[in-house]
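**Student:** Have a look at this one before I ask anything.
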Amino acid sequence: MPAAATPPPAEHPPNPPDSTSHTEEAEADAVGTPSRTGPVGMVSWGTGTLVGVFTGLLYGGAKEANANVSKDAEVMLKMGSTTDKREQYRLMRDAMEKRFIRVAKGSLVGGARLGMFTATFFGIQNLLIENRGVHDVFNIVGAGSATAAAFGLICMYLTIFLENTWLKCWK
């Protein structure tokens, strides 16, 4: 018995076109849908820097606020030595003004330091992601190592500079 002829395999239908055309994508981007121009996994540099600045502000302010406890005790001793209410008020006001300035300065310095550190870290990490085309742990390790080395060199240079110039004036 002769074998029945098998029909040729059906051709696969071509891939359906995307549900959105190029003009629809442009309209969606104009409306507010974020577009991805970089590789998937790209770290947001601005968000990381902003979080670093605010964390540094909080840490620097808290550190200075806790460091001034002994100075508050000195003010209390001075207040106990005088019975004049105006003098006590002046001492307390001066102490609070100095403390406010120290805490504000600590906040700003802490925010600037941690903000620069996180901005450098995320910038180098994004650079590595873009150049390597891969988002993996090696980008994080490389960015952390480069940032720590850069800030270590900056701190070392400033220490040597201050010891050789500015601090000689005080010796």
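Following the order of the structure tokens, chains are lettered A, B, ..., residues in each are numbered from 1, and ligands are numbered from 1.
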Need to verify the contact set: stretch 55-64 of chain A, 12 Å, only C-alpha atoms, exclusion of same-chain residues closer than 2 positions in sequence. Can you return it as a ChimeraX atom specification?

**Tutor:** /A:48-53,66-71,98-118

**Student:** Go ahead and compute the interatomic distance for atom CA of A:Tyr89 and atom CA of A:Met76, in Å to one decimal.

**Tutor:**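 About the pair atom CA of A:Tyr89 and atom CA of A:Met76: they are 11.3 Å apart.
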
**Student:** State, in Å with one decimal place, the distance from atom CA of A:Leu127 to atom CA of A:Gly142.

**Tutor:**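 Those two atoms sit 10.5 Å apart.
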
**Student:** Given only C-alpha atoms as the basis, pick out the residue of A:Val75, A:Ala149, A:Gln125, A:Gly46 nearest to A:Leu91.

**Tutor:**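 Checking each candidate against A:Leu91, we get A:Val75 as the closest.
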
**Student:** Take atom CA of A:Thr120 and atom CA of A:Thr147 and report the distance between them in Å, one decimal.

**Tutor:**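 Here the two named atoms are 6.3 Å from each other.
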
**Student:** Under the rule that only C-alpha atoms are counted, which of A:Arg93, A:Phe122, A:Thr83, A:Ala65 is the nearest residue to A:Ala146?

**Tutor:**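 Checking each candidate against A:Ala146, we get A:Phe122 as the closest.
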